[in-house]
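See below for structure22.tsv, which holds TSV, C-alpha atoms and all ligand atoms.
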chain	number	residue	atom	x	y	z
C	1	MET	CA	-55.23	153.18	69.34
C	2	THR	CA	-56.78	156.64	69.32
C	3	LEU	CA	-54.96	159.28	67.32
C	4	THR	CA	-55.08	162.98	68.17
C	5	ILE	CA	-53.60	165.76	66.06
C	6	THR	CA	-52.91	168.98	67.95
C	7	ASP	CA	-52.08	172.50	66.78
C	8	ALA	CA	-53.10	172.09	63.13
C	9	LEU	CA	-54.19	175.00	60.99
C	10	PHE	CA	-57.65	174.44	59.49
C	11	ASP	CA	-59.88	177.10	57.97
C	12	GLY	CA	-57.71	179.82	59.52
C	13	GLN	CA	-57.96	178.40	63.06
C	14	ARG	CA	-55.60	176.38	65.26
C	15	VAL	CA	-57.48	173.12	65.88
C	16	GLY	CA	-57.18	169.64	67.30
C	17	LEU	CA	-58.55	166.53	65.58
C	18	ARG	CA	-59.32	163.31	67.43
C	19	CYS	CA	-59.87	159.98	65.62
C	20	GLU	CA	-61.76	157.07	67.16
C	21	GLY	CA	-62.66	153.79	65.48
C	22	GLY	CA	-61.27	155.07	62.19
C	23	ARG	CA	-63.53	158.13	62.17
C	24	ILE	CA	-63.19	161.78	63.12
C	25	ALA	CA	-64.58	161.95	66.67
C	26	ALA	CA	-63.84	165.62	67.37
C	27	LEU	CA	-62.49	168.59	65.43
C	28	GLY	CA	-62.10	172.15	66.70
C	29	PRO	CA	-60.07	174.67	68.69
C	30	GLU	CA	-60.84	173.02	72.05
C	31	VAL	CA	-59.97	169.46	71.00
C	32	ALA	CA	-56.97	168.13	72.92
C	33	ALA	CA	-55.23	164.78	73.32
C	34	GLN	CA	-56.44	162.48	76.08
C	35	PRO	CA	-54.25	160.20	78.19
C	36	GLY	CA	-53.13	157.18	76.17
C	37	ASP	CA	-53.71	158.80	72.76
C	38	GLU	CA	-51.13	158.53	70.01
C	39	THR	CA	-50.45	162.24	69.48
C	40	ILE	CA	-49.04	164.24	66.60
C	41	ASP	CA	-48.15	167.86	67.27
C	42	ALA	CA	-48.75	169.46	63.87
C	43	GLY	CA	-46.77	172.53	64.89
C	44	GLY	CA	-49.10	174.86	62.99
C	45	ALA	CA	-49.10	172.79	59.78
C	46	HIS	CA	-52.12	172.97	57.50
C	47	LEU	CA	-54.73	170.23	57.82
C	48	VAL	CA	-56.39	169.51	54.45
C	49	PRO	CA	-58.54	166.75	52.92
C	50	PRO	CA	-56.72	164.16	50.81
C	51	LEU	CA	-56.93	163.77	47.02
C	52	VAL	CA	-58.84	161.14	45.05
C	53	ASN	CA	-57.10	159.67	42.00
C	54	GLY	CA	-60.14	158.96	39.83
C	55	HIS	CA	-58.38	156.84	37.19
C	56	THR	CA	-55.22	154.78	37.26
C	57	HIS	CA	-53.70	151.36	36.59
C	58	ALA	CA	-51.66	151.09	39.79
C	59	ALA	CA	-49.33	148.19	38.92
C	60	MET	CA	-48.25	149.97	35.74
C	61	THR	CA	-45.50	151.54	37.86
C	62	LEU	CA	-43.61	148.50	36.48
C	63	PHE	CA	-43.87	150.04	32.98
C	64	ARG	CA	-42.55	153.43	34.03
C	65	GLY	CA	-39.88	154.81	31.79
C	66	SER	CA	-40.11	152.15	29.11
C	67	GLY	CA	-41.78	152.34	25.71
C	68	GLY	CA	-42.84	155.95	26.01
C	69	ASP	CA	-42.84	158.45	23.16
C	70	LEU	CA	-45.35	156.42	21.11
C	71	PRO	CA	-48.99	157.08	20.12
C	72	LEU	CA	-51.72	155.27	22.09
C	73	MET	CA	-52.41	152.24	19.87
C	74	PRO	CA	-48.79	151.30	18.95
C	75	TRP	CA	-47.86	151.88	22.61
C	76	LEU	CA	-50.60	149.48	23.77
C	77	GLU	CA	-50.15	146.89	21.00
C	78	GLU	CA	-46.33	146.79	20.86
C	79	LYS	CA	-45.15	147.74	24.34
C	80	ILE	CA	-47.88	147.08	26.88
C	81	TRP	CA	-50.18	144.20	25.92
C	82	PRO	CA	-47.41	141.64	25.12
C	83	VAL	CA	-45.82	142.18	28.56
C	84	GLU	CA	-49.18	142.25	30.34
C	85	ALA	CA	-49.88	138.77	28.94
C	86	ARG	CA	-46.99	137.51	31.13
C	87	LEU	CA	-47.84	139.29	34.41
C	88	SER	CA	-47.92	137.21	37.59
C	89	ASP	CA	-49.75	137.97	40.83
C	90	GLU	CA	-46.47	138.94	42.47
C	91	ASP	CA	-45.66	141.37	39.64
C	92	VAL	CA	-49.01	143.10	40.09
C	93	TYR	CA	-48.72	143.05	43.88
C	94	TRP	CA	-45.33	144.81	43.99
C	95	GLY	CA	-46.21	147.22	41.18
C	96	ALA	CA	-49.37	148.17	43.06
C	97	ARG	CA	-47.53	148.42	46.40
C	98	LEU	CA	-45.16	150.91	44.79
C	99	ALA	CA	-48.13	152.85	43.38
C	100	CYS	CA	-49.85	152.93	46.79
C	101	ALA	CA	-46.68	154.23	48.44
C	102	GLU	CA	-46.28	156.94	45.80
C	103	MET	CA	-49.90	158.00	46.12
C	104	LEU	CA	-49.82	158.12	49.93
C	105	ARG	CA	-46.60	160.11	49.70
C	106	SER	CA	-48.21	162.73	47.47
C	107	GLY	CA	-51.54	163.07	49.30
C	108	THR	CA	-53.85	160.57	47.56
C	109	THR	CA	-55.77	158.24	49.90
C	110	ARG	CA	-58.30	156.76	47.47
C	111	PHE	CA	-57.92	155.63	43.88
C	112	TRP	CA	-59.93	154.04	41.07
C	113	ASP	CA	-58.04	151.17	39.50
C	114	MET	CA	-58.44	149.10	36.34
C	115	TYR	CA	-55.86	146.32	36.11
C	116	TRP	CA	-55.09	142.62	35.69
C	117	GLN	CA	-55.00	140.28	38.72
C	118	PRO	CA	-57.23	142.67	40.70
C	119	GLU	CA	-56.97	140.43	43.76
C	120	ALA	CA	-53.22	141.15	43.86
C	121	THR	CA	-53.93	144.89	43.70
C	122	ALA	CA	-56.51	144.43	46.47
C	123	ARG	CA	-53.89	142.67	48.61
C	124	ALA	CA	-51.47	145.56	48.01
C	125	VAL	CA	-54.17	148.10	48.90
C	126	GLY	CA	-54.96	146.23	52.12
C	127	ASP	CA	-51.28	145.97	53.09
C	128	ALA	CA	-50.68	149.65	52.28
C	129	GLY	CA	-53.77	150.82	54.18
C	130	ILE	CA	-55.05	153.01	51.32
C	131	ARG	CA	-58.58	152.82	49.79
C	132	ALA	CA	-59.51	151.80	46.24
C	133	THR	CA	-62.26	150.92	43.82
C	134	ILE	CA	-60.89	148.04	41.76
C	135	GLY	CA	-61.99	146.37	38.54
C	136	ALA	CA	-60.33	143.83	36.25
C	137	PRO	CA	-60.11	145.13	32.68
C	138	LEU	CA	-62.73	143.40	30.54
C	139	PHE	CA	-61.93	142.78	26.85
C	140	ASP	CA	-63.48	140.54	24.23
C	141	LEU	CA	-61.76	142.01	21.19
C	142	ASN	CA	-59.81	138.79	20.57
C	143	GLY	CA	-61.88	136.58	22.83
C	144	SER	CA	-65.53	135.86	23.36
C	145	PRO	CA	-68.39	137.33	25.39
C	146	GLU	CA	-68.52	134.06	27.37
C	147	LYS	CA	-64.89	134.41	28.40
C	148	LEU	CA	-65.47	138.04	29.31
C	149	ARG	CA	-68.40	137.09	31.55
C	150	ASP	CA	-66.33	134.36	33.24
C	151	SER	CA	-63.53	136.79	33.83
C	152	ALA	CA	-65.91	139.42	35.28
C	153	HIS	CA	-67.48	136.89	37.65
C	154	ARG	CA	-64.09	135.51	38.69
C	155	SER	CA	-62.73	138.96	39.53
C	156	LEU	CA	-65.86	139.96	41.45
C	157	GLU	CA	-65.61	136.76	43.49
C	158	ALA	CA	-61.93	137.36	44.14
C	159	LEU	CA	-62.65	140.89	45.36
C	160	ALA	CA	-65.77	140.05	47.37
C	161	GLY	CA	-64.00	139.51	50.69
C	162	ALA	CA	-61.21	142.01	50.10
C	163	GLY	CA	-62.09	144.27	53.03
C	164	PRO	CA	-63.95	147.50	53.72
C	165	GLU	CA	-61.35	149.73	52.06
C	166	ILE	CA	-61.96	148.06	48.69
C	167	THR	CA	-64.99	148.53	46.41
C	168	PRO	CA	-65.27	146.00	43.56
C	169	ALA	CA	-66.12	147.44	40.15
C	170	LEU	CA	-66.64	146.42	36.54
C	171	ALA	CA	-64.03	147.80	34.17
C	172	PRO	CA	-64.78	147.32	30.46
C	173	HIS	CA	-61.58	148.62	28.85
C	174	ALA	CA	-63.13	150.77	26.09
C	175	ILE	CA	-65.81	150.76	23.40
C	176	TYR	CA	-63.20	149.66	20.83
C	177	THR	CA	-62.07	146.59	22.80
C	178	VAL	CA	-65.43	145.32	24.16
C	179	SER	CA	-68.33	144.09	22.00
C	180	GLU	CA	-71.77	145.66	22.02
C	181	GLU	CA	-73.20	142.46	23.49
C	182	SER	CA	-70.74	142.48	26.39
C	183	LEU	CA	-71.15	146.20	27.08
C	184	ARG	CA	-74.90	145.66	27.36
C	185	TRP	CA	-74.35	142.72	29.71
C	186	ILE	CA	-71.98	144.80	31.89
C	187	GLY	CA	-74.63	147.55	32.11
C	188	GLU	CA	-77.23	145.01	33.25
C	189	LEU	CA	-74.91	143.45	35.85
C	190	SER	CA	-73.97	146.90	37.17
C	191	ALA	CA	-77.65	147.83	37.57
C	192	GLU	CA	-78.54	144.49	39.16
C	193	ARG	CA	-75.73	144.57	41.74
C	194	GLY	CA	-75.21	148.33	42.11
C	195	LEU	CA	-71.61	147.95	40.91
C	196	PRO	CA	-69.57	150.95	39.73
C	197	VAL	CA	-68.32	150.83	36.13
C	198	GLN	CA	-65.06	152.33	34.88
C	199	ILE	CA	-64.39	152.70	31.16
C	200	HIS	CA	-62.02	154.70	28.96
C	201	LEU	CA	-64.11	156.95	26.71
C	202	SER	CA	-63.34	159.46	23.96
C	203	GLU	CA	-59.62	159.49	24.60
C	204	THR	CA	-58.71	159.96	20.93
C	205	GLU	CA	-60.49	161.51	17.97
C	206	LYS	CA	-60.08	158.23	16.08
C	207	GLU	CA	-62.19	156.47	18.72
C	208	VAL	CA	-65.02	158.95	18.01
C	209	GLN	CA	-64.68	158.60	14.22
C	210	ASP	CA	-64.64	154.81	14.43
C	211	CYS	CA	-67.69	154.81	16.70
C	212	LEU	CA	-69.57	157.08	14.26
C	213	ALA	CA	-68.58	154.84	11.34
C	214	GLU	CA	-69.47	151.60	13.09
C	215	HIS	CA	-72.50	152.54	15.18
C	216	GLY	CA	-73.73	155.78	13.60
C	217	GLU	CA	-73.52	157.65	16.88
C	218	ARG	CA	-70.95	159.26	19.17
C	219	PRO	CA	-69.40	157.32	22.09
C	220	ALA	CA	-71.55	158.73	24.92
C	221	SER	CA	-74.86	158.07	23.16
C	222	TYR	CA	-73.62	154.62	22.14
C	223	LEU	CA	-72.90	153.81	25.80
C	224	ASP	CA	-76.24	155.25	26.84
C	225	ARG	CA	-78.10	153.08	24.34
C	226	LEU	CA	-76.39	150.03	25.88
C	227	GLY	CA	-77.47	151.04	29.39
C	228	LEU	CA	-73.97	151.93	30.53
C	229	LEU	CA	-74.34	155.62	31.24
C	230	SER	CA	-75.52	155.96	34.84
C	231	GLU	CA	-74.64	157.54	38.16
C	232	ARG	CA	-72.46	154.44	38.76
C	233	THR	CA	-70.28	155.09	35.70
C	234	VAL	CA	-66.83	156.70	35.58
C	235	LEU	CA	-65.72	157.75	32.10
C	236	ALA	CA	-61.96	158.19	31.95
C	237	HIS	CA	-60.67	160.95	29.61
C	238	GLY	CA	-63.68	162.44	27.76
C	239	VAL	CA	-61.33	164.58	25.66
C	240	TRP	CA	-63.54	164.53	22.55
C	241	LEU	CA	-67.00	164.80	24.13
C	242	ASP	CA	-69.25	167.29	22.32
C	243	PRO	CA	-71.90	169.54	23.98
C	244	ASP	CA	-74.74	167.07	23.33
C	245	GLU	CA	-72.76	164.25	24.91
C	246	LEU	CA	-71.93	166.43	27.94
C	247	ALA	CA	-75.64	167.24	28.38
C	248	LEU	CA	-76.50	163.52	28.16
C	249	ILE	CA	-73.76	162.55	30.65
C	250	ALA	CA	-74.99	165.24	33.07
C	251	GLU	CA	-78.57	164.03	32.72
C	252	ARG	CA	-77.53	160.43	33.48
C	253	GLY	CA	-75.29	161.56	36.37
C	254	ALA	CA	-72.17	159.77	35.08
C	255	THR	CA	-68.74	161.06	36.15
C	256	VAL	CA	-65.93	162.10	33.82
C	257	VAL	CA	-62.37	161.79	35.12
C	258	THR	CA	-59.87	163.91	33.24
C	259	ASN	CA	-56.22	162.76	32.99
C	260	PRO	CA	-54.47	165.79	31.53
C	261	VAL	CA	-50.86	164.62	31.90
C	262	ALA	CA	-51.44	161.22	30.26
C	263	ASN	CA	-53.45	162.93	27.51
C	264	MET	CA	-50.60	165.33	26.83
C	265	LYS	CA	-47.93	162.61	26.94
C	266	LEU	CA	-49.87	160.46	24.46
C	267	ALA	CA	-50.61	163.67	22.51
C	268	VAL	CA	-54.29	162.95	22.01
C	269	GLY	CA	-54.59	166.35	20.36
C	270	GLY	CA	-57.37	167.83	22.46
C	271	VAL	CA	-58.29	168.92	25.98
C	272	PHE	CA	-61.21	167.74	28.09
C	273	PRO	CA	-63.78	170.56	27.77
C	274	HIS	CA	-64.04	171.29	31.49
C	275	PRO	CA	-65.79	174.69	31.34
C	276	ALA	CA	-68.53	173.20	29.12
C	277	ALA	CA	-68.75	170.07	31.30
C	278	ARG	CA	-69.06	172.20	34.39
C	279	SER	CA	-71.82	174.37	32.98
C	280	ALA	CA	-73.64	171.26	31.77
C	281	GLY	CA	-73.49	169.92	35.35
C	282	VAL	CA	-71.24	166.90	34.69
C	283	PRO	CA	-69.59	165.47	37.85
C	284	VAL	CA	-65.82	165.72	37.24
C	285	GLY	CA	-62.77	164.17	38.89
C	286	LEU	CA	-59.03	164.16	38.23
C	287	GLY	CA	-56.79	161.16	37.55
C	288	THR	CA	-53.18	160.42	36.75
C	289	ASP	CA	-53.90	157.37	34.54
C	290	GLY	CA	-51.24	154.64	34.84
C	291	ALA	CA	-47.57	155.28	35.40
C	292	GLY	CA	-46.98	153.79	31.94
C	293	SER	CA	-48.49	156.90	30.37
C	294	ASN	CA	-47.91	159.68	32.93
C	295	ASP	CA	-45.26	158.55	34.36
C	296	SER	CA	-45.92	159.94	37.83
C	297	LEU	CA	-48.73	159.24	40.30
C	298	ASP	CA	-48.35	162.65	41.95
C	299	LEU	CA	-51.88	163.99	41.58
C	300	LEU	CA	-50.99	167.18	43.44
C	301	ALA	CA	-48.50	167.95	40.65
C	302	ASP	CA	-51.04	167.01	37.94
C	303	LEU	CA	-53.49	169.43	39.51
C	304	LYS	CA	-51.39	172.33	38.26
C	305	THR	CA	-51.29	170.87	34.75
C	306	PHE	CA	-55.07	170.40	34.85
C	307	ALA	CA	-55.69	174.04	35.75
C	308	LEU	CA	-53.11	175.37	33.29
C	309	VAL	CA	-54.22	173.32	30.29
C	310	GLN	CA	-57.82	174.37	30.88
C	311	LYS	CA	-56.85	178.05	30.95
C	312	HIS	CA	-54.59	177.65	27.94
C	313	ALA	CA	-57.14	175.75	25.83
C	314	ALA	CA	-59.81	178.35	26.58
C	315	ALA	CA	-57.36	181.26	26.03
C	316	ASP	CA	-58.92	182.54	29.25
C	317	PRO	CA	-57.19	182.62	32.66
C	318	THR	CA	-60.60	182.64	34.35
C	319	ALA	CA	-61.66	179.35	32.68
C	320	ILE	CA	-60.97	177.58	35.99
C	321	ASP	CA	-59.92	178.98	39.37
C	322	ALA	CA	-57.84	177.40	42.11
C	323	ALA	CA	-60.82	176.59	44.33
C	324	GLU	CA	-62.57	174.73	41.51
C	325	ALA	CA	-59.42	172.83	40.54
C	326	TRP	CA	-58.86	171.82	44.19
C	327	ALA	CA	-62.49	170.68	44.50
C	328	VAL	CA	-62.07	168.47	41.40
C	329	ALA	CA	-58.83	166.91	42.73
C	330	THR	CA	-60.29	166.14	46.16
C	331	GLY	CA	-63.28	164.41	44.55
C	332	THR	CA	-65.87	166.89	45.80
C	333	ARG	CA	-67.19	167.62	42.30
C	334	ALA	CA	-68.15	163.96	41.77
C	335	PRO	CA	-70.04	162.19	44.58
C	336	LEU	CA	-69.31	158.71	43.17
C	337	LEU	CA	-65.55	159.12	43.56
C	338	GLY	CA	-65.66	159.10	47.37
C	339	ALA	CA	-64.29	162.42	48.62
C	340	SER	CA	-63.17	162.65	52.27
C	341	ARG	CA	-64.79	165.35	54.37
C	342	LEU	CA	-63.11	166.94	57.35
C	343	GLU	CA	-66.04	166.76	59.74
C	344	VAL	CA	-67.08	164.80	62.81
C	345	GLY	CA	-68.36	161.33	61.91
C	346	ALA	CA	-66.52	161.14	58.57
C	347	PRO	CA	-63.75	158.55	58.01
C	348	ALA	CA	-60.50	159.89	59.47
C	349	ASP	CA	-58.65	160.44	56.17
C	350	PHE	CA	-56.60	163.63	56.02
C	351	LEU	CA	-53.24	165.25	55.29
C	352	LEU	CA	-50.90	167.51	57.21
C	353	LEU	CA	-48.79	169.65	54.91
C	354	ARG	CA	-45.14	170.39	55.68
C	355	ALA	CA	-45.13	173.25	58.18
C	356	GLU	CA	-41.94	174.66	56.66
C	357	ALA	CA	-42.88	174.12	52.98
C	358	PRO	CA	-41.60	177.30	51.33
C	359	GLU	CA	-44.14	177.09	48.50
C	360	LEU	CA	-47.02	177.28	50.98
C	361	GLY	CA	-45.79	180.12	53.21
C	362	ILE	CA	-47.15	183.13	51.36
C	363	GLY	CA	-50.52	183.85	49.77
C	364	GLU	CA	-53.78	182.00	49.69
C	365	LEU	CA	-53.41	178.29	50.58
C	366	THR	CA	-55.60	176.83	47.82
C	367	ALA	CA	-53.81	178.86	45.13
C	368	ASP	CA	-50.45	177.77	46.56
C	369	LEU	CA	-51.54	174.11	46.57
C	370	VAL	CA	-52.74	174.24	42.95
C	371	TYR	CA	-50.04	176.40	41.36
C	372	ALA	CA	-46.94	176.07	43.55
C	373	ALA	CA	-47.01	172.76	45.42
C	374	ALA	CA	-46.45	169.15	44.40
C	375	GLY	CA	-46.63	165.93	46.40
C	376	ALA	CA	-43.45	166.76	48.34
C	377	ALA	CA	-45.45	169.38	50.27
C	378	VAL	CA	-47.29	166.56	52.11
C	379	ASP	CA	-45.80	165.69	55.50
C	380	THR	CA	-48.34	163.30	57.04
C	381	THR	CA	-51.00	161.06	55.49
C	382	VAL	CA	-53.68	159.46	57.65
C	383	VAL	CA	-56.26	156.93	56.43
C	384	GLY	CA	-58.97	155.59	58.74
C	385	GLY	CA	-57.15	157.09	61.74
C	386	LYS	CA	-53.91	155.24	60.89
C	387	VAL	CA	-50.74	157.23	60.20
C	388	LEU	CA	-49.41	155.86	56.89
C	389	MET	CA	-46.79	158.55	56.33
C	390	ARG	CA	-45.08	160.87	58.80
C	391	GLY	CA	-42.35	163.40	58.07
C	392	GLY	CA	-42.56	162.53	54.35
C	393	GLU	CA	-41.46	158.93	55.02
C	394	VAL	CA	-43.58	155.92	54.03
C	395	PRO	CA	-42.37	153.00	56.20
C	396	GLY	CA	-40.82	150.16	54.16
C	397	LEU	CA	-40.52	152.23	50.97
C	398	GLY	CA	-36.95	151.04	50.29
C	399	GLU	CA	-38.02	147.40	50.18
C	400	ILE	CA	-41.09	148.19	48.07
C	401	VAL	CA	-38.98	150.05	45.48
C	402	ALA	CA	-36.44	147.20	45.35
C	403	ARG	CA	-39.06	144.46	44.99
C	404	ALA	CA	-40.94	146.37	42.26
C	405	ALA	CA	-37.67	146.93	40.37
C	406	GLU	CA	-36.95	143.17	40.55
C	407	ARG	CA	-40.39	142.39	39.12
C	408	ALA	CA	-39.93	144.92	36.28
C	409	GLU	CA	-36.55	143.42	35.44
C	410	ARG	CA	-38.05	139.92	35.39
C	411	LEU	CA	-40.56	141.18	32.79
C	412	GLY	CA	-37.78	142.64	30.67
C	413	LEU	CA	-38.89	146.22	31.34
C	501	ZN	ZN	-56.36	154.42	31.68
Translate the structure of the given file into C-alpha cells.
Amino acid sequence: MTLTITDALFDGQRVGLRCEGGRIAALGPEVAAQPGDETIDAGGAHLVPPLVNGHTHAAMTLFRGSGGDLPLMPWLEEKIWPVEARLSDEDVYWGARLACAEMLRSGTTRFWDMYWQPEATARAVGDAGIRATIGAPLFDLNGSPEKLRDSAHRSLEALAGAGPEITPALAPHAIYTVSEESLRWIGELSAERGLPVQIHLSETEKEVQDCLAEHGERPASYLDRLGLLSERTVLAHGVWLDPDELALIAERGATVVTNPVANMKLAVGGVFPHPAARSAGVPVGLGTDGAGSNDSLDLLADLKTFALVQKHAAADPTAIDAAEAWAVATGTRAPLLGASRLEVGAPADFLLLRAEAPELGIGELTADLVYAAAGAAVDTTVVGGKVLMRGGEVPGLGEIVARAAERAERLGL
C-alpha cells in the first residue's frame, strides 16, 4: 500500500508527501495522491520529523508508580532487582508493548533499549512497528565473566533475526556492575562486529568517586583505557563528566544521552553540562530513561525539562535555544542515534501534529514544540510508511494497557 499525505505544512509551505516501499518517494508542493493510494488529508497540520529516545528500559513501564522516592542504589537493590529476577518473557513483552504505544503516541519512532529478555522486547517492537536498538543488560557483579559472555552471545543470537527495524547492541550496565575484564571484552567484541554499546556513565557523583578510588581515573578515561569509548558508544547520563572527559569523548566520537527527568527524580544532584559538551563537540541525544525512574516516556514533554534545566543550571537563558533542544531530541546532534530526515529517499518516518492544537497556533513552531507542547500535540505517527497512530489513537491500546497491568499485578507491583 502506498501512503500519500496531502495538505501538510512543512517549512512554511503546503506540501504533499508520498511513501513507497517504506521510504519517502516524493515531497513538495506539487505532490498529490495517485489512484489507489491510502491518503491522509493533513488539513494544514504541521509535518515534522519524529523524536529519538536515546536511552530507556522499555518494559519498565511495569514498574511505573511503585518504589519511587528513593535514591538510585536503594531503589535498584530493594525495589527493582529482586522483581527483575522473576521477570518472564510475557512480562517483558507486554511492558515493552505498552512502552512502544506510549512512545508512538508522543512522537518517538526509534528508541535505544537496555533490558532483560531482549528477544521479548524485539517481538514487541516488531508487533508495534516502531524501531529500536536493543541490548540485554550485562552484569558480572555477582556472577562471572564467563556467564556474562554467555549471556551476551545468547542475546545477540536471539536478536540476530529480529528484523530490519531492530539493531542488536551490547549493553554493559555500568562501570560499577561490570568487571574490568568484561568491559574490555565487550569493547573488543563491539569493534570486531561493529556493534553499538550502551552503558550508564557518571550518573551519580559517588560513581565518579568510587572510580577514582578504585582505578585512579575518572569514568570516561577508564572506559577509554578499556577500549570502550568509540563512535559506536552511547553513554547514558554523563551528569558528572568534567571538561577533560568531554574533550576525550568528543575526540573518540562517543555519544552522550542526557535523561534530565530521571536525573531529577533520582536527585543525582547535578546537571549534564550541555553547553560545555556542545562546545567540546560531543554528539548529544535525549532520553527518558525507564518508566521506573521517570515515570513517563513522553520525550516531547521531557524536551522542555531538558531546555529549562540547562538554562537554570547555567543561570543563563541563552545556554540553549529551542532549535538546539529540538535538534537534540530528534537525534540530529548524534549521528549514531539514527535521526529521521524528511527528504526523498529517507525512511518514511514522520509525525503530523494536531491541526487544532492550541499550544501550537501562535508563534514560532520550534519554540512552541519545545516550551508549550507535550506528546498530546501529536496526531499521526508514521513509521516506514505505515500509519501507527491516527487522530491520537494507537489501535489496540486498551488491550495493551490491560495486559501490561495484569503482568505488573502478577509481579506484585
Ligand atoms: Zn537507564
For this session: Compile the contact shell of stretch 184-193 of chain C as a PyMOL selection string: residues with an atom at most 7 Å away, counting all atoms listed in the file, same-chain residues fewer than 3 positions apart removed.
Result: chain C and resi 180-181+196-197+226-228
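Among the candidates C:Arg105, C:His200, C:Arg403, C:Arg252, the one nearest to ligand ZN 501 (chain C) when counting all atoms listed in the file is C:His200.
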Exercise. Would you name the residues within 8 Å of ligand ZN 501 (chain C), counting only C-alpha atoms and all ligand atoms, and put them as an MDAnalysis selection string?
Worked result: chainID C and resid 55:57 114 200 236 289:290
Can you tell me, as a PDB file with C-alpha atoms, keeping the file's coordinate frame, what residues are no more than 12 Å from C:Ile175 when counting all atoms listed in the file, ignoring any on the same chain fewer than 2 positions away?
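After the write, part-v4.pdb holds the following:
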ATOM      1  CA  LEU C 138     -62.730 143.400  30.540  1.00  0.00           C
ATOM      2  CA  PHE C 139     -61.930 142.780  26.850  1.00  0.00           C
ATOM      3  CA  ASP C 140     -63.480 140.540  24.230  1.00  0.00           C
ATOM      4  CA  LEU C 141     -61.760 142.010  21.190  1.00  0.00           C
ATOM      5  CA  ALA C 171     -64.030 147.800  34.170  1.00  0.00           C
ATOM      6  CA  PRO C 172     -64.780 147.320  30.460  1.00  0.00           C
ATOM      7  CA  HIS C 173     -61.580 148.620  28.850  1.00  0.00           C
ATOM      8  CA  THR C 177     -62.070 146.590  22.800  1.00  0.00           C
ATOM      9  CA  VAL C 178     -65.430 145.320  24.160  1.00  0.00           C
ATOM     10  CA  SER C 179     -68.330 144.090  22.000  1.00  0.00           C
ATOM     11  CA  GLU C 180     -71.770 145.660  22.020  1.00  0.00           C
ATOM     12  CA  GLU C 181     -73.200 142.460  23.490  1.00  0.00           C
ATOM     13  CA  SER C 182     -70.740 142.480  26.390  1.00  0.00           C
ATOM     14  CA  LEU C 183     -71.150 146.200  27.080  1.00  0.00           C
ATOM     15  CA  ARG C 184     -74.900 145.660  27.360  1.00  0.00           C
ATOM     16  CA  GLN C 198     -65.060 152.330  34.880  1.00  0.00           C
ATOM     17  CA  ILE C 199     -64.390 152.700  31.160  1.00  0.00           C
ATOM     18  CA  HIS C 200     -62.020 154.700  28.960  1.00  0.00           C
ATOM     19  CA  LEU C 201     -64.110 156.950  26.710  1.00  0.00           C
ATOM     20  CA  SER C 202     -63.340 159.460  23.960  1.00  0.00           C
ATOM     21  CA  GLU C 203     -59.620 159.490  24.600  1.00  0.00           C
ATOM     22  CA  THR C 204     -58.710 159.960  20.930  1.00  0.00           C
ATOM     23  CA  LYS C 206     -60.080 158.230  16.080  1.00  0.00           C
ATOM     24  CA  GLU C 207     -62.190 156.470  18.720  1.00  0.00           C
ATOM     25  CA  VAL C 208     -65.020 158.950  18.010  1.00  0.00           C
ATOM     26  CA  ASP C 210     -64.640 154.810  14.430  1.00  0.00           C
ATOM     27  CA  CYS C 211     -67.690 154.810  16.700  1.00  0.00           C
ATOM     28  CA  LEU C 212     -69.570 157.080  14.260  1.00  0.00           C
ATOM     29  CA  GLU C 214     -69.470 151.600  13.090  1.00  0.00           C
ATOM     30  CA  HIS C 215     -72.500 152.540  15.180  1.00  0.00           C
ATOM     31  CA  ARG C 218     -70.950 159.260  19.170  1.00  0.00           C
ATOM     32  CA  PRO C 219     -69.400 157.320  22.090  1.00  0.00           C
ATOM     33  CA  ALA C 220     -71.550 158.730  24.920  1.00  0.00           C
ATOM     34  CA  SER C 221     -74.860 158.070  23.160  1.00  0.00           C
ATOM     35  CA  TYR C 222     -73.620 154.620  22.140  1.00  0.00           C
ATOM     36  CA  LEU C 223     -72.900 153.810  25.800  1.00  0.00           C
ATOM     37  CA  ASP C 224     -76.240 155.250  26.840  1.00  0.00           C
ATOM     38  CA  LEU C 226     -76.390 150.030  25.880  1.00  0.00           C
ATOM     39  CA  LEU C 228     -73.970 151.930  30.530  1.00  0.00           C
ATOM     40  CA  LEU C 235     -65.720 157.750  32.100  1.00  0.00           C
ATOM     41  CA  ALA C 236     -61.960 158.190  31.950  1.00  0.00           C
TER      42      ALA C 236
END
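Shortest separation to C:Ala33 among C:Leu17, C:Leu98, C:Val370, C:Ala313 occurs at residue C:Leu17, atoms counted being all atoms listed in the file.
The spacing separating atom CA of C:Ala277 from atom CA of C:Val256 amounts to 8.8 Å.
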Problem set entry | C:Gly269, C:Gly384, C:Pro260, C:Gly363 ranked by distance to C:His237, top pick (using all atoms listed in the file) | C:Pro260
Seminar exercise, completed: Using all atoms listed in the file, the residue out of C:Asp316, C:Asp368, C:Glu406, C:Asp89 with shortest distance to C:Ala301 is C:Asp368
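One finds atom CA of C:Phe306 at 14.5 Å from atom CA of C:Arg333.
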